[in-house]
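Okay, protein35.tsv now, which holds TSV, C-alpha atoms:
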chain	number	residue	atom	x	y	z
A	1	MET	CA	7.04	-4.31	22.58
A	2	GLY	CA	8.54	-3.14	19.27
A	3	LEU	CA	9.93	-6.59	18.51
A	4	GLN	CA	6.59	-8.17	19.31
A	5	LYS	CA	4.80	-5.84	16.87
A	6	CYS	CA	7.45	-6.55	14.23
A	7	SER	CA	7.00	-10.30	14.72
A	8	GLY	CA	3.23	-9.93	14.35
A	9	CYS	CA	3.66	-7.96	11.12
A	10	LEU	CA	5.85	-10.72	9.70
A	11	SER	CA	3.10	-13.25	10.35
A	12	CYS	CA	0.54	-11.05	8.58
A	13	LEU	CA	2.81	-10.62	5.55
A	14	LEU	CA	2.66	-14.37	4.93
A	15	ILE	CA	-1.08	-14.20	4.21
A	16	PRO	CA	-1.02	-12.12	0.98
A	17	LEU	CA	2.05	-14.02	-0.24
A	18	ALA	CA	0.20	-17.31	0.24
A	19	LEU	CA	-2.89	-16.01	-1.57
A	20	TRP	CA	-0.79	-14.82	-4.49
A	21	SER	CA	0.94	-18.21	-4.65
A	22	ILE	CA	-2.43	-19.92	-5.01
A	23	VAL	CA	-3.50	-17.54	-7.78
A	24	ILE	CA	-0.22	-17.90	-9.70
A	25	ASN	CA	-0.28	-21.69	-9.47
A	26	ILE	CA	-3.87	-21.78	-10.76
A	27	LEU	CA	-2.91	-19.62	-13.73
A	28	LEU	CA	-0.28	-22.22	-14.70
A	29	TYR	CA	-3.14	-24.58	-15.54
A	30	PHE	CA	-4.49	-22.19	-18.18
A	31	PRO	CA	-1.74	-21.31	-20.67
A	32	ASP	CA	-2.92	-18.82	-23.28
A	33	GLY	CA	-5.91	-18.26	-21.00
A	34	LYS	CA	-7.64	-21.43	-22.21
A	35	SER	CA	-9.00	-24.27	-20.09
A	36	SER	CA	-8.83	-26.88	-22.86
A	37	TYR	CA	-5.16	-27.63	-22.14
A	38	ALA	CA	-5.92	-28.39	-18.50
A	39	SER	CA	-8.78	-30.74	-19.39
A	40	SER	CA	-6.59	-32.60	-21.89
A	41	ASN	CA	-3.61	-32.63	-19.49
A	42	ASN	CA	-1.36	-30.86	-21.99
A	43	HIS	CA	0.92	-29.04	-19.58
A	44	THR	CA	4.02	-29.72	-17.53
A	45	ASN	CA	3.81	-32.57	-15.03
A	46	TYR	CA	5.22	-30.40	-12.24
A	47	VAL	CA	1.98	-28.42	-11.91
A	48	TRP	CA	0.42	-31.54	-10.40
A	49	HIS	CA	2.73	-31.20	-7.42
A	50	PHE	CA	0.46	-28.30	-6.33
A	51	GLU	CA	3.49	-26.42	-5.02
A	52	GLY	CA	1.80	-23.02	-5.09
A	53	ILE	CA	-1.74	-24.10	-4.25
A	54	CYS	CA	-1.03	-26.49	-1.40
A	55	PHE	CA	2.43	-25.89	0.05
A	56	SER	CA	3.26	-22.20	-0.33
A	57	GLY	CA	-0.45	-21.49	-0.47
A	58	ILE	CA	-2.92	-23.29	1.80
A	59	MET	CA	-0.33	-24.68	4.24
A	60	ILE	CA	1.33	-21.26	4.64
A	61	LEU	CA	-2.11	-19.68	5.10
A	62	ILE	CA	-2.87	-22.08	7.94
A	63	LEU	CA	0.54	-21.49	9.55
A	64	ALA	CA	0.18	-17.72	9.17
A	65	ALA	CA	-3.26	-17.77	10.81
A	66	VAL	CA	-1.92	-19.76	13.79
A	67	LEU	CA	1.11	-17.47	14.08
A	68	VAL	CA	-1.11	-14.39	14.09
A	69	ILE	CA	-3.18	-15.91	16.90
A	70	LEU	CA	-0.03	-16.76	18.87
A	71	ASP	CA	1.21	-13.19	18.47
A	72	ARG	CA	-1.91	-11.80	20.15
A	73	ASP	CA	-1.70	-10.98	23.85
A	74	THR	CA	-5.27	-12.20	24.31
A	75	PHE	CA	-4.32	-15.82	23.57
A	76	PHE	CA	-4.61	-18.50	26.26
A	77	GLU	CA	-3.42	-17.95	29.83
A	78	CYS	CA	-0.70	-20.18	31.23
A	79	PHE	CA	-1.34	-22.11	34.42
A	80	GLN	CA	1.73	-20.52	36.03
A	81	SER	CA	2.33	-17.02	34.69
A	82	GLU	CA	2.09	-14.69	31.70
A	83	SER	CA	5.84	-15.03	31.12
A	84	CYS	CA	5.42	-18.80	30.82
A	85	THR	CA	2.66	-18.29	28.25
A	86	ARG	CA	4.81	-16.03	26.11
A	87	THR	CA	7.77	-18.40	26.25
A	88	TYR	CA	5.78	-21.43	25.14
A	89	ARG	CA	4.04	-19.43	22.43
A	90	ARG	CA	7.39	-18.31	21.06
A	91	PHE	CA	8.69	-21.89	20.98
A	92	ILE	CA	5.59	-22.93	19.05
A	93	SER	CA	6.09	-19.99	16.67
A	94	VAL	CA	9.66	-21.12	16.00
A	95	VAL	CA	8.48	-24.65	15.17
A	96	LEU	CA	5.72	-23.36	12.89
A	97	SER	CA	8.16	-21.02	11.14
A	98	LEU	CA	10.48	-23.96	10.50
A	99	LEU	CA	7.55	-25.80	8.93
A	100	GLY	CA	6.87	-22.70	6.85
A	101	ILE	CA	10.43	-22.80	5.55
A	102	ALA	CA	9.97	-26.47	4.62
A	103	PHE	CA	6.69	-25.84	2.77
A	104	SER	CA	7.95	-22.75	0.94
A	105	GLY	CA	11.26	-24.47	0.20
A	106	TYR	CA	9.41	-27.35	-1.43
A	107	SER	CA	7.48	-24.91	-3.61
A	108	LEU	CA	10.68	-23.08	-4.53
A	109	ILE	CA	12.48	-26.30	-5.53
A	110	VAL	CA	9.58	-27.70	-7.57
A	111	SER	CA	9.10	-24.37	-9.35
A	112	ALA	CA	12.81	-24.23	-10.16
A	113	LEU	CA	12.78	-27.79	-11.51
A	114	SER	CA	9.74	-27.00	-13.64
A	115	LEU	CA	11.44	-23.88	-14.98
A	116	VAL	CA	14.59	-25.82	-15.89
A	117	GLN	CA	12.59	-28.58	-17.57
A	118	GLY	CA	10.55	-26.18	-19.64
A	119	PRO	CA	6.90	-26.38	-20.69
A	120	TYR	CA	5.08	-29.29	-22.24
A	121	CYS	CA	4.10	-27.99	-25.65
A	122	LYS	CA	3.29	-28.92	-29.23
A	123	THR	CA	6.22	-28.87	-31.64
A	124	SER	CA	6.75	-30.14	-35.17
A	125	ALA	CA	7.34	-33.58	-33.61
A	126	GLY	CA	4.16	-33.48	-31.54
A	127	TRP	CA	3.53	-32.83	-27.84
A	128	GLU	CA	6.76	-33.03	-25.87
A	129	TYR	CA	9.13	-31.31	-23.44
A	130	ALA	CA	11.03	-29.43	-26.10
A	131	PHE	CA	13.66	-28.06	-23.71
A	132	LYS	CA	14.01	-31.01	-21.35
A	133	ASN	CA	17.62	-31.75	-22.32
A	134	THR	CA	18.83	-28.14	-22.37
A	135	ALA	CA	19.48	-27.97	-18.60
A	136	GLY	CA	17.68	-24.63	-18.55
A	137	SER	CA	19.90	-23.00	-21.17
A	138	TYR	CA	16.80	-22.28	-23.27
A	139	LEU	CA	15.98	-19.51	-20.80
A	140	MET	CA	18.85	-17.48	-22.26
A	141	ASP	CA	17.90	-18.25	-25.86
A	142	PRO	CA	14.50	-16.66	-26.66
A	143	THR	CA	14.89	-17.55	-30.34
A	144	SER	CA	14.41	-21.23	-29.45
A	145	TRP	CA	11.06	-20.60	-27.82
A	146	SER	CA	9.35	-20.59	-31.21
A	147	GLN	CA	9.69	-24.39	-31.21
A	148	CYS	CA	6.55	-24.44	-29.10
A	149	THR	CA	3.67	-23.65	-31.44
A	150	GLU	CA	0.89	-24.49	-28.99
A	151	PRO	CA	-0.24	-23.16	-26.55
A	152	ALA	CA	0.63	-19.71	-27.80
A	153	TYR	CA	3.36	-18.00	-25.77
A	154	VAL	CA	3.49	-20.96	-23.39
A	155	VAL	CA	7.22	-20.50	-22.75
A	156	ASP	CA	6.76	-16.86	-21.76
A	157	TRP	CA	3.74	-17.85	-19.67
A	158	ASN	CA	5.65	-20.52	-17.75
A	159	ILE	CA	8.79	-18.44	-17.24
A	160	ILE	CA	6.90	-15.43	-15.88
A	161	LEU	CA	4.55	-17.36	-13.59
A	162	LEU	CA	7.15	-19.79	-12.28
A	163	SER	CA	9.57	-16.94	-11.63
A	164	ILE	CA	6.90	-15.08	-9.68
A	165	LEU	CA	6.11	-18.27	-7.74
A	166	MET	CA	9.79	-18.68	-6.89
A	167	VAL	CA	10.02	-15.08	-5.69
A	168	LEU	CA	6.92	-15.51	-3.52
A	169	SER	CA	8.30	-18.71	-2.01
A	170	GLY	CA	11.65	-17.04	-1.42
A	171	LEU	CA	9.97	-14.14	0.39
A	172	GLN	CA	8.05	-16.61	2.54
A	173	ILE	CA	11.31	-18.34	3.49
A	174	LEU	CA	12.90	-14.98	4.33
A	175	ILE	CA	9.94	-13.94	6.48
A	176	CYS	CA	9.96	-17.26	8.33
A	177	LEU	CA	13.71	-16.89	8.97
A	178	LEU	CA	13.20	-13.37	10.32
A	179	LYS	CA	10.35	-14.69	12.44
A	180	ILE	CA	12.60	-17.38	13.92
A	181	ILE	CA	15.35	-14.85	14.67
A	182	SER	CA	12.87	-12.49	16.30
A	183	GLU	CA	11.32	-15.21	18.46
A	184	LEU	CA	14.67	-16.70	19.51
A	185	ARG	CA	15.93	-13.25	20.45
A	186	GLN	CA	12.89	-12.75	22.66
A	187	ILE	CA	13.32	-16.19	24.24
A	188	LEU	CA	17.03	-15.77	24.93
A	189	CYS	CA	17.13	-12.06	25.72
A	190	GLY	CA	13.60	-11.38	26.95
A	191	ASN	CA	12.60	-10.43	30.47
A	192	TYR	CA	10.78	-13.66	31.15
A	193	PRO	CA	12.17	-17.09	32.04
A	194	ILE	CA	12.47	-19.93	29.55
A	195	PHE	CA	11.42	-22.57	32.03
A	196	VAL	CA	8.59	-22.53	34.53
A	197	GLN	CA	9.88	-21.58	37.95
A	198	PRO	CA	8.50	-23.60	40.88
A	199	ALA	CA	6.18	-21.67	43.10
A	200	VAL	CA	7.63	-20.53	46.41
A	201	ILE	CA	5.51	-21.60	49.35

Could I get this file's structure written as structure tokens?
Amino acid sequence: MGLQKCSGCLSCLLIPLALWSIVINILLYFPDGKSSYASSNNHTNYVWHFEGICFSGIMILILAAVLVILDRDTFFECFQSESCTRTYRRFISVVLSLLGIAFSGYSLIVSALSLVQGPYCKTSAGWEYAFKNTAGSYLMDPTSWSQCTEPAYVVDWNIILLSILMVLSGLQILICLLKIISELRQILCGNYPIFVQPAVI
């Protein structure tokens, strides 16, 4: 019973993480708090991958909602027995958790690539990716950030938000892994059979 409650809590934890991912990704469209850069498409191309809005956001929200429903004892009744119902539900939960890892992993990778590339900003040479060829070394050299004159503090803005997005995605991956371990432990060590037993006449 304790493991079941723990598994249900893990599913619920995905919901606020997904909501925060959506919020953080939306903020990336408004550097310096202005909407004019979004309308003129003057920001990094990676934000159009919708990693936080779609993948670690909406998709994780949908998966979390289904997982929460599967964790409830009042879900559907199996045609054979309650033990059969729980077993199949746990298999479905494992599959959904694997999908969750894929979605969050995509968001983590895209956010990391965007962070390494650096922001699209205005420099003395015009609008460009000022740190594209630095392989991310600019992150350790704050003095170089002044190359970007517009939007104001865009480098800080990108680093903070993308780092948060990466942390959120990483937590989602960790939760999904713990969810898989919990469900597999219940399947392999639980008190109910994995396969439906034929009825004895």

When you look at Phe30 in chain A with a cut-off of 10 Å (counting all atoms listed in the file), what residues show up, excluding the ones that are within fewer than 5 positions of it in the same chain? I need them as JSON, numbers by chain.
{"A": [25, 35, 36, 37, 38, 39, 42, 43, 151, 154, 157]}

Closest atom pairs, range 18-48 of chain A residues within 12 Å of range 101-118 of chain A, all atoms listed in the file, as a Markdown table:
| residue | atom | partner | partner_atom | distance |
| --- | --- | --- | --- | --- |
| A:Ala18 | CA | A:Ser104 | CA | 9.5 |
| A:Ser21 | CA | A:Ser107 | CA | 9.4 |
| A:Ile22 | CA | A:Ser107 | CA | 11.2 |
| A:Ile24 | CA | A:Ser111 | CA | 11.4 |
| A:Asn25 | CA | A:Ser111 | CA | 9.8 |
| A:Leu28 | CA | A:Ser111 | CA | 11.0 |
| A:His43 | CA | A:Gly118 | CA | 10.0 |
| A:Thr44 | CA | A:Ser114 | CA | 7.4 |
| A:Asn45 | CA | A:Ser114 | CA | 8.3 |
| A:Tyr46 | CA | A:Ser114 | CA | 5.8 |
| A:Val47 | CA | A:Ser114 | CA | 8.1 |
| A:Trp48 | CA | A:Val110 | CA | 10.3 |

So which residues fall inside 10 Å of (16.4, -25.4, -21.8) if we count only C-alpha atoms? Mind giving them as a ChimeraX atom specification?
/A:115-119,129-141,144-145

At what distance in Å, to one decimal, does CA of Cys12 in chain A lie from CA of Arg185 in chain A?
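Computing the Euclidean distance for CA of Arg185 in chain A and CA of Cys12 in chain A yields 19.6 Å.
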
Rank A:Ile180, A:Pro31, A:Val23, A:Ser169 by their smallest atom-to-atom distance to Glu150 in chain A, using all atoms listed in the file, and report the top residue only.
A:Pro31

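Atom pair CA of Leu99 in chain A / CA of Leu61 in chain A: separated by 12.1 Å.
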
Between CA of Leu17 in chain A and CA of Leu96 in chain A, what is the distance, to one decimal in Å?
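Between these atoms lies a distance of 16.5 Å.
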
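You can rank A:Tyr88, A:Trp20, A:Tyr153, A:Trp127 by their closest distance to Leu70 in chain A using all atoms listed in the file, and at the top of that list sits A:Tyr88.
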
Would you mind telling me which residue in A:Leu14, A:Met166, A:Leu98, A:Leu27 lies nearest to Ile58 in chain A when using only C-alpha atoms?
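That would be A:Leu14, the residue with the smallest distance to Ile58 in chain A.
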
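Comparing the minimum interatomic distances between Val95 in chain A and each of A:Glu51, A:Asp32, A:Glu183, A:Glu128, counting only C-alpha atoms, we find that A:Glu183 sits nearest.
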
Which residue out of A:Cys189, A:Val94, A:Leu13, A:Val167 has the minimum interatomic distance to Ala65 in chain A when only C-alpha atoms are used?
A:Leu13
